[in-house]
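Peer 1: This is model_23.txt (compact mmCIF, C-alpha atoms).
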```txt
# COMPACT_ATOMS: atom_id res chain seq x y z
CA MET O 1 17.41 7.27 -8.84
CA ASN O 2 19.76 5.56 -6.40
CA ALA O 3 23.16 4.56 -7.76
CA LYS O 4 23.41 0.79 -8.24
CA LYS O 5 26.32 -1.49 -7.52
CA THR O 6 27.08 -4.79 -9.18
CA MET O 7 28.01 -8.01 -7.40
CA THR O 8 28.79 -11.52 -8.55
CA LEU O 9 26.80 -14.34 -6.97
CA ASN O 10 28.16 -17.87 -7.12
CA LEU O 11 25.48 -20.54 -6.72
CA THR O 12 25.55 -24.32 -6.67
CA ASP O 13 23.55 -26.19 -9.31
CA GLN O 14 20.85 -26.88 -6.75
CA GLU O 15 20.69 -23.26 -5.60
CA MET O 16 20.46 -22.12 -9.23
CA ARG O 17 17.64 -24.60 -9.90
CA VAL O 18 15.73 -23.29 -6.90
CA LEU O 19 16.31 -19.71 -8.06
CA GLU O 20 15.10 -20.54 -11.57
CA ASP O 21 12.04 -22.35 -10.22
CA LEU O 22 11.15 -19.43 -7.98
CA ALA O 23 11.66 -16.97 -10.83
CA GLN O 24 9.23 -18.95 -12.96
CA LYS O 25 6.72 -19.40 -10.15
CA LYS O 26 6.80 -15.75 -9.09
CA GLU O 27 7.01 -14.40 -12.66
CA LEU O 28 10.17 -12.49 -11.79
CA THR O 29 13.70 -12.36 -13.13
CA LYS O 30 16.35 -14.16 -11.11
CA THR O 31 17.62 -10.76 -9.99
CA GLY O 32 14.04 -9.90 -9.00
CA VAL O 33 13.82 -13.01 -6.85
CA MET O 34 17.09 -12.21 -5.08
CA LYS O 35 15.98 -8.63 -4.41
CA LEU O 36 12.61 -9.86 -3.13
CA ALA O 37 14.36 -12.35 -0.85
CA LEU O 38 16.46 -9.52 0.58
CA ARG O 39 13.41 -7.36 1.24
CA VAL O 40 11.46 -10.22 2.83
CA LEU O 41 14.35 -11.19 5.09
CA GLN O 42 14.92 -7.59 6.19
CA THR O 43 11.20 -7.10 6.88
CA LEU O 44 11.01 -10.28 8.96
CA ASP O 45 14.22 -9.47 10.77
CA ALA O 46 12.87 -6.02 11.68
CA ARG O 47 9.52 -7.39 12.85
CA ILE O 48 10.61 -10.43 14.81
CA GLU O 49 12.02 -9.62 18.19
CA PRO O 50 12.11 -11.48 21.52
CA GLY O 51 8.57 -12.46 22.48
CA LYS O 52 7.22 -12.46 18.91
CA LYS O 53 6.71 -15.47 16.65
CA LEU O 54 6.07 -15.92 12.94
CA LEU O 55 3.21 -18.38 12.47
CA ILE O 56 1.70 -20.10 9.45
CA GLU O 57 -1.99 -20.86 9.86
CA ASP O 58 -3.96 -23.46 7.94
CA GLU O 59 -7.24 -21.63 7.25
CA ALA O 60 -9.17 -24.87 6.93
CA THR O 61 -8.11 -26.36 10.25
CA SER O 62 -6.88 -23.23 12.09
CA GLU O 63 -3.75 -25.27 12.85
CA LYS O 64 -0.75 -23.04 13.43
CA SER O 65 2.91 -23.88 13.01
CA GLU O 66 5.83 -21.67 13.89
CA LEU O 67 8.17 -20.64 11.12
CA VAL O 68 11.65 -20.24 12.49
CA ILE O 69 13.69 -17.55 10.75
CA LEU O 70 17.37 -17.03 11.38
CA MET X 1 12.69 10.74 -3.80
CA THR X 2 10.71 11.33 -6.99
CA GLU X 3 8.02 13.96 -7.53
CA SER X 4 5.40 13.19 -10.20
CA LYS X 5 2.78 15.49 -11.67
CA VAL X 6 -0.77 14.16 -11.13
CA TYR X 7 -4.23 15.69 -11.24
CA LEU X 8 -7.04 16.09 -8.75
CA ARG X 9 -10.46 17.65 -9.30
CA ASP X 10 -11.56 20.80 -7.55
CA GLY X 11 -14.39 19.78 -5.24
CA LYS X 12 -16.64 22.67 -6.28
CA SER X 13 -15.89 23.40 -9.92
CA GLY X 14 -14.77 19.94 -10.98
CA ASN X 15 -11.80 21.48 -12.78
CA LEU X 16 -8.55 19.54 -13.00
CA ILE X 17 -5.92 20.80 -10.59
CA GLU X 18 -2.22 19.92 -10.84
CA ALA X 19 -0.81 18.16 -7.79
CA SER X 20 2.50 16.55 -6.78
CA LEU X 21 2.86 12.90 -5.84
CA PHE X 22 6.01 12.11 -3.84
CA ASP X 23 7.22 8.51 -3.57
CA GLU X 24 8.47 9.08 -0.04
CA VAL X 25 6.85 10.66 3.00
CA THR X 26 9.38 13.18 4.28
CA PRO X 27 9.58 15.04 7.60
CA ASP X 28 8.18 18.09 5.76
CA HIS X 29 5.06 16.10 4.84
CA LEU X 30 4.64 15.01 8.45
CA VAL X 31 4.87 18.65 9.54
CA LEU X 32 1.95 19.37 7.20
CA TRP X 33 0.09 16.36 8.65
CA ASP X 34 0.62 17.71 12.19
CA ARG X 35 -0.22 21.29 11.24
CA ASP X 36 -3.37 20.85 9.17
CA TRP X 37 -4.63 17.25 9.02
CA VAL X 38 -4.56 16.38 12.71
CA PRO X 39 -6.41 19.52 13.92
CA ALA X 40 -9.05 19.14 11.18
CA MET X 41 -9.63 15.50 12.13
CA GLN X 42 -9.75 16.36 15.84
CA ALA X 43 -12.24 19.16 15.22
CA PHE X 44 -14.51 16.84 13.24
CA CYS X 45 -14.31 14.06 15.83
CA ALA X 46 -14.84 16.27 18.87
CA GLY X 47 -17.84 15.10 20.87
CA LYS X 48 -18.71 12.29 18.44
CA PRO X 49 -19.12 8.70 19.64
CA PRO X 50 -16.55 6.24 18.22
CA GLY X 51 -19.00 4.91 15.61
CA GLN X 52 -19.38 8.33 14.01
CA LYS X 53 -15.68 9.12 13.71
CA PRO X 54 -13.83 8.34 10.48
CA GLU X 55 -12.48 4.80 10.60
CA ASP X 56 -8.92 6.06 10.24
CA SER X 57 -9.19 8.94 12.71
CA HIS X 58 -6.77 7.23 15.11
CA TRP X 59 -4.05 6.56 12.53
CA ASP X 60 -0.74 8.07 13.58
CA TRP X 61 1.13 8.65 10.34
CA ARG X 62 4.24 9.89 12.14
CA ARG X 63 4.52 6.57 13.98
CA LYS X 64 3.68 4.52 10.89
CA SER X 65 6.32 6.34 8.91
CA LYS X 66 8.94 5.89 11.61
CA GLU X 67 8.27 2.14 11.91
CA VAL X 68 9.20 1.45 8.29
CA THR X 69 12.06 3.89 7.85
CA GLY X 70 14.95 2.03 6.24
CA ILE X 71 12.90 -1.10 5.50
CA LEU X 72 13.40 -1.86 1.80
CA GLY X 73 10.06 -3.62 1.39
CA TYR X 74 7.99 -0.62 2.47
CA HIS X 75 7.16 2.49 0.48
CA SER X 76 5.32 5.64 1.45
CA PHE X 77 3.64 8.26 -0.72
CA ALA X 78 2.48 11.80 -0.11
CA LEU X 79 0.13 13.83 -2.29
CA VAL X 80 0.54 17.60 -2.08
CA CYS X 81 -1.68 20.30 -3.65
CA PRO X 82 -0.85 23.17 -3.85
CA LYS X 83 1.26 23.29 -0.70
CA GLU X 84 -1.08 21.28 1.51
CA LEU X 85 -1.03 17.58 2.22
CA GLN X 86 -3.99 15.94 0.47
CA GLY X 87 -3.30 12.27 1.09
CA LEU X 88 -0.89 9.64 2.40
CA MET X 89 -0.30 6.01 1.47
CA MET X 90 1.96 3.23 2.69
CA THR X 91 2.58 0.03 0.72
CA ASN X 92 4.79 -3.03 0.93
CA ASP X 93 6.14 -5.29 -1.79
CA VAL X 94 6.76 -8.40 0.31
CA THR X 95 3.22 -9.77 0.14
CA SER X 96 1.92 -12.43 -2.23
CA ALA X 97 -1.38 -12.74 -4.08
CA ARG X 98 -4.37 -14.75 -2.86
CA LEU X 99 -6.58 -14.92 -5.94
CA PRO X 100 -6.34 -18.44 -7.39
CA ALA X 101 -5.37 -17.05 -10.82
CA GLN X 102 -2.28 -15.34 -9.39
CA PHE X 103 -1.81 -17.13 -6.08
CA GLY X 104 1.69 -16.83 -4.62
CA LYS X 105 2.88 -14.18 -7.04
CA PRO X 106 4.20 -10.98 -5.49
CA LEU X 107 2.03 -7.88 -5.42
CA ILE X 108 1.98 -4.40 -3.98
CA TYR X 109 -0.02 -4.51 -0.77
CA VAL X 110 -1.56 -1.23 0.35
CA GLU X 111 -1.11 -1.15 4.11
CA PHE X 112 -2.66 2.25 4.72
CA VAL X 113 -4.16 4.96 2.54
CA ALA X 114 -6.09 8.04 3.54
CA THR X 115 -7.27 11.32 2.10
CA ALA X 116 -7.12 14.53 4.11
CA PRO X 117 -10.23 15.26 6.21
CA TRP X 118 -11.29 18.26 4.06
CA ASN X 119 -11.49 16.00 1.00
CA ARG X 120 -14.18 13.77 2.52
CA PRO X 121 -17.85 14.47 1.86
CA LYS X 122 -18.72 13.23 5.34
CA VAL X 123 -16.38 15.77 6.90
CA GLN X 124 -16.77 18.74 4.58
CA ASP X 125 -19.94 19.37 2.55
CA ALA X 126 -18.04 20.38 -0.57
CA PRO X 127 -14.78 18.43 -0.46
CA ARG X 128 -11.77 20.55 -1.34
CA TYR X 129 -10.42 18.00 -3.84
CA ARG X 130 -11.69 14.77 -5.37
CA GLY X 131 -9.67 11.95 -6.88
CA VAL X 132 -7.08 11.31 -4.16
CA GLY X 133 -8.04 7.63 -3.95
CA GLN X 134 -7.70 7.13 -7.70
CA VAL X 135 -4.27 8.80 -7.70
CA PHE X 136 -3.07 6.42 -5.00
CA VAL X 137 -4.51 3.30 -6.66
CA LEU X 138 -2.77 4.33 -9.87
CA ALA X 139 0.46 4.90 -7.91
CA ALA X 140 0.19 1.42 -6.40
CA ILE X 141 -0.35 -0.07 -9.87
CA GLU X 142 2.65 1.78 -11.30
CA THR X 143 4.79 0.72 -8.33
CA SER X 144 3.70 -2.86 -8.98
CA ARG X 145 4.57 -2.62 -12.67
CA ASN X 146 7.95 -1.03 -11.91
CA ALA X 147 8.75 -3.86 -9.50
CA GLY X 148 7.92 -6.44 -12.16
CA PHE X 149 4.63 -7.40 -10.46
CA LYS X 150 2.54 -6.56 -13.56
CA GLY X 151 0.13 -4.25 -11.77
CA ARG X 152 -1.00 -6.75 -9.13
CA VAL X 153 -2.27 -4.91 -6.02
CA GLY X 154 -3.94 -6.12 -2.83
CA LEU X 155 -5.49 -4.39 0.17
CA HIS X 156 -7.85 -4.71 3.11
CA SER X 157 -10.55 -2.06 2.90
CA LEU X 158 -12.20 -0.15 5.70
CA PRO X 159 -15.98 -0.67 5.40
CA ASP X 160 -16.72 2.82 4.05
CA ALA X 161 -14.29 2.38 1.16
CA GLU X 162 -15.34 -1.07 -0.06
CA SER X 163 -17.59 0.15 -2.88
CA PHE X 164 -14.84 2.50 -4.10
CA TYR X 165 -12.36 -0.35 -4.54
CA GLU X 166 -14.85 -2.80 -6.01
CA GLN X 167 -16.96 -0.57 -8.24
CA LYS X 168 -14.75 2.39 -9.12
CA CYS X 169 -11.41 0.62 -9.26
CA GLY X 170 -12.36 -2.88 -10.37
CA PHE X 171 -10.75 -4.88 -7.59
CA THR X 172 -11.98 -8.43 -6.95
CA ARG X 173 -13.60 -8.91 -3.53
CA LEU X 174 -12.25 -11.95 -1.70
CA GLY X 175 -14.29 -11.55 1.47
CA PRO X 176 -13.68 -10.81 5.14
CA ASP X 177 -10.30 -11.75 6.61
CA SER X 178 -10.34 -12.93 10.21
CA SER X 179 -6.62 -12.19 10.53
CA HIS X 180 -7.24 -8.51 9.69
CA GLN X 181 -10.10 -7.53 12.02
CA ASN X 182 -12.54 -9.08 9.52
CA LEU X 183 -11.80 -6.32 7.02
CA THR X 184 -12.66 -7.29 3.46
CA TYR X 185 -9.69 -8.21 1.29
CA PHE X 186 -9.56 -6.98 -2.31
CA GLU X 187 -7.11 -7.85 -5.05
CA MET X 188 -6.38 -6.51 -8.53
CA THR X 189 -5.03 -8.63 -11.38
CA GLU X 190 -2.85 -7.53 -14.27
CA THR X 191 -5.93 -7.29 -16.50
CA GLN X 192 -7.86 -5.24 -13.95
CA ALA X 193 -4.84 -2.97 -13.47
CA ASP X 194 -4.57 -2.41 -17.22
CA ALA X 195 -8.27 -1.52 -17.37
CA PHE X 196 -7.91 0.95 -14.51
CA ARG X 197 -4.87 2.58 -16.13
CA GLN X 198 -6.72 3.01 -19.42
CA ASN X 199 -9.58 4.80 -17.69
CA HIS X 200 -7.44 7.13 -15.58
```
Please render this file's structure as structure tokens.
Peer 2:
Amino acid sequence: MNAKKTMTLNLTDQEMRVLEDLAQKKELTKTGVMKLALRVLQTLDARIEPGKKLLIEDEATSEKSELVIL
Amino acid sequence: MTESKVYLRDGKSGNLIEASLFDEVTPDHLVLWDRDWVPAMQAFCAGKPPGQKPEDSHWDWRRKSKEVTGILGYHSFALVCPKELQGLMMTNDVTSARLPAQFGKPLIYVEFVATAPWNRPKVQDAPRYRGVGQVFVLAAIETSRNAGFKGRVGLHSLPDAESFYEQKCGFTRLGPDSSHQNLTYFEMTETQADAFRQNH
């Protein structure tokens, strides 16, 4: 088991509301949501390189829109 | 890296055989893949037209492993028995469910899973070991539960494996997916995962 480190996260009321909503929607703890967000961001960051785009496709219309990730 | 004790069945006698499931594919496992798996697959495929080769015969596990090294959302598994590689699996935990009952909730998505060539009835008349697929499905379920995903698992199946996932494992078939080479997508709910765990 990897050793774990603790950090304090200060959130605004709005950020906390979003975190709580996501935790409820995803059936995760708030910590679980933050860890998932970290994994998703790292995965996207590793995959997206110059010349590649992240697209969201509407299956019904086949319409595609680009999702811009920092 | 964690090593867990699991069981396979001897392909001839049907006896239970102890095996080791590792929750990380290491360079040592890839050496075994190079040494035994690749030559066996090449020998079986030699002279066969593409349609008669195993659907995963072109998978390069060394490259797949390298691509996800250090990526937190990806996990790899190796099954060893007794000192031979019997199967490999790669999963990610950054994918969300598609079934309406659990839409948008995170699950463990099985990116790739394969059993060694000598464990396949199509390759070897009496497979050396049986049960590799079940061990990996159970590993995906346990990974899902440990991540707080309640056993939810999803995957795209190669055509030859569809009946295994639907009939033996209890996945729900969601149909062909045009974004994944028209492979059929399957998903397992918490209830289905619990049922699979009770039977294995």
Peer 1: Using all atoms listed in the file and a distance of at most 12 Å, pull out the residues of chain O that contact chain X, as a PyMOL selection string.
Peer 2: chain O and resi 1-2+22-33+35-47+55-59+62
Peer 1: So that I can see what lies close to segment 29-46 of chain X, please list as a count of residues only the residues with an atom at most 8 Å from it, counting all atoms listed in the file and leaving out residues fewer than 2 positions away in the same chain.
Peer 2: 17
Peer 1: In Å, with one decimal, what is the gap from atom CA of Ser65 of chain X to atom CA of Pro176 of chain X?
Peer 2: 26.6 Å
Peer 1: What does the distance between atom CA of Cys169 of chain X and atom CA of Asp60 of chain X come to in Å, to one decimal place?
Peer 2: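 Taking atom CA of Cys169 of chain X as the start and atom CA of Asp60 of chain X as the end point, the length is 26.3 Å.
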Peer 1: Can you measure atom CA of Leu138 of chain X to atom CA of Gly151 of chain X for me? One decimal in Å is fine.
Peer 2: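 We find that atom CA of Leu138 of chain X and atom CA of Gly151 of chain X lie 9.3 Å from each other.
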Peer 1: List every protein, DNA or RNA residue with an atom no more than 6 Å from (-1.2, 1.7, 3.7) in the file's coordinates, counting all atoms listed in the file, and format the result as number ranges by chain.
Peer 2: X: 89-91, 110-113
Peer 1: Taking all atoms listed in the file into account, name the residue in X:Ala140, X:Ala101, X:Glu187, X:His75 that is nearest to Gly175 of chain X.
Peer 2: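 Closest candidate: X:Glu187.
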Peer 1: Looking at X:Gly170, X:Gly51, X:Pro100, X:Gly154, which one is nearest to Gln134 of chain X, with distances taken over only C-alpha atoms?
Peer 2: X:Gly170
Peer 1: Using all atoms listed in the file, which of O:Ala60, O:Ala3, O:Leu54, O:Leu19 sits nearest Met34 of chain O?
Peer 2: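 Distance minimum relative to Met34 of chain O lands on O:Leu19.
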Peer 1: I want to know what sits within 8 Å of Phe186 of chain X, based on only C-alpha atoms, with residues of the same chain fewer than 5 positions away left out; could you give that as a VMD selection string?
Peer 2: chain X and resid 154 to 157 165 to 166 171 to 175
Peer 1: Give me, as an MDAnalysis selection string, all polymer residues having an atom no more than 10 Å from Lys53 of chain O, counting all atoms listed in the file and skipping those fewer than 4 positions away in the same chain.
Peer 2: chainID O and resid 47:49 65:69
Peer 1: Would you mind telling me which residue in X:Ser4, X:Asn182, X:Gln86, X:Ser13 lies nearest to Gly131 of chain X when using only C-alpha atoms?
Peer 2: X:Gln86
Peer 1: Nearest to Cys81 of chain X among X:Gly47, X:Ser144, X:Arg130, X:Leu183, with distances taken over only C-alpha atoms: which residue is it?
Peer 2: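 Checking each candidate against Cys81 of chain X, we get X:Arg130 as the closest.
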Peer 1: Counting all atoms listed in the file, which residue out of X:Ser76, X:Gln192, X:Thr184, X:Asn119 sits closest to Phe22 of chain X?
Peer 2: X:Ser76
Peer 1: Some atoms are missing, so please complete segment 164-192 of chain X with N, CA and C atoms and return it as a CSV table (one decimal), in the coordinates of the input.
Peer 2:
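The resulting file, out04.csv, is reproduced below:
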```csv
chain,number,residue,atom,x,y,z
X,164,PHE,N,-15.8,1.8,-3.3
X,164,PHE,CA,-14.8,2.5,-4.1
X,164,PHE,C,-13.9,1.5,-4.8
X,165,TYR,N,-13.3,0.6,-4.0
X,165,TYR,CA,-12.4,-0.4,-4.5
X,165,TYR,C,-13.0,-1.3,-5.5
X,166,GLU,N,-14.2,-1.8,-5.2
X,166,GLU,CA,-14.8,-2.8,-6.0
X,166,GLU,C,-15.5,-2.2,-7.3
X,167,GLN,N,-16.2,-1.1,-7.1
X,167,GLN,CA,-17.0,-0.6,-8.2
X,167,GLN,C,-16.2,0.5,-9.0
X,168,LYS,N,-15.5,1.3,-8.4
X,168,LYS,CA,-14.8,2.4,-9.1
X,168,LYS,C,-13.4,1.9,-9.6
X,169,CYS,N,-12.8,1.0,-8.9
X,169,CYS,CA,-11.4,0.6,-9.3
X,169,CYS,C,-11.3,-0.8,-9.9
X,170,GLY,N,-12.3,-1.6,-9.7
X,170,GLY,CA,-12.4,-2.9,-10.4
X,170,GLY,C,-11.6,-4.0,-9.7
X,171,PHE,N,-11.4,-3.8,-8.4
X,171,PHE,CA,-10.8,-4.9,-7.6
X,171,PHE,C,-11.7,-6.1,-7.5
X,172,THR,N,-11.2,-7.3,-7.3
X,172,THR,CA,-12.0,-8.4,-7.0
X,172,THR,C,-12.1,-8.6,-5.4
X,173,ARG,N,-13.3,-8.7,-5.0
X,173,ARG,CA,-13.6,-8.9,-3.5
X,173,ARG,C,-13.4,-10.4,-3.1
X,174,LEU,N,-12.5,-10.6,-2.1
X,174,LEU,CA,-12.2,-12.0,-1.7
X,174,LEU,C,-12.9,-12.3,-0.4
X,175,GLY,N,-13.6,-11.3,0.2
X,175,GLY,CA,-14.3,-11.6,1.5
X,175,GLY,C,-13.6,-11.1,2.7
X,176,PRO,N,-14.3,-11.2,3.9
X,176,PRO,CA,-13.7,-10.8,5.1
X,176,PRO,C,-12.5,-11.7,5.6
X,177,ASP,N,-11.5,-11.1,6.2
X,177,ASP,CA,-10.3,-11.8,6.6
X,177,ASP,C,-10.2,-11.7,8.1
X,178,SER,N,-10.3,-12.9,8.7
X,178,SER,CA,-10.3,-12.9,10.2
X,178,SER,C,-9.0,-12.5,10.8
X,179,SER,N,-7.9,-12.6,10.0
X,179,SER,CA,-6.6,-12.2,10.5
X,179,SER,C,-6.4,-10.7,10.4
X,180,HIS,N,-7.3,-10.0,9.8
X,180,HIS,CA,-7.2,-8.5,9.7
X,180,HIS,C,-8.5,-7.9,10.2
X,181,GLN,N,-8.9,-8.1,11.4
X,181,GLN,CA,-10.1,-7.5,12.0
X,181,GLN,C,-11.4,-7.7,11.2
X,182,ASN,N,-11.4,-8.8,10.4
X,182,ASN,CA,-12.5,-9.1,9.5
X,182,ASN,C,-12.7,-8.1,8.4
X,183,LEU,N,-11.7,-7.3,8.1
X,183,LEU,CA,-11.8,-6.3,7.0
X,183,LEU,C,-11.8,-7.1,5.7
X,184,THR,N,-12.5,-6.6,4.7
X,184,THR,CA,-12.7,-7.3,3.5
X,184,THR,C,-11.4,-7.1,2.6
X,185,TYR,N,-10.9,-8.2,2.1
X,185,TYR,CA,-9.7,-8.2,1.3
X,185,TYR,C,-10.1,-8.1,-0.2
X,186,PHE,N,-9.4,-7.2,-0.9
X,186,PHE,CA,-9.6,-7.0,-2.3
X,186,PHE,C,-8.2,-7.2,-3.0
X,187,GLU,N,-8.3,-7.7,-4.3
X,187,GLU,CA,-7.1,-7.8,-5.0
X,187,GLU,C,-7.4,-7.5,-6.5
X,188,MET,N,-6.3,-6.9,-7.1
X,188,MET,CA,-6.4,-6.5,-8.5
X,188,MET,C,-5.4,-7.3,-9.4
X,189,THR,N,-5.9,-7.9,-10.5
X,189,THR,CA,-5.0,-8.6,-11.4
X,189,THR,C,-4.4,-7.7,-12.4
X,190,GLU,N,-3.5,-8.3,-13.2
X,190,GLU,CA,-2.8,-7.5,-14.3
X,190,GLU,C,-3.9,-6.9,-15.2
X,191,THR,N,-4.9,-7.8,-15.6
X,191,THR,CA,-5.9,-7.3,-16.5
X,191,THR,C,-6.7,-6.2,-15.9
X,192,GLN,N,-7.1,-6.3,-14.6
X,192,GLN,CA,-7.9,-5.2,-14.0
X,192,GLN,C,-7.0,-4.0,-13.8
```
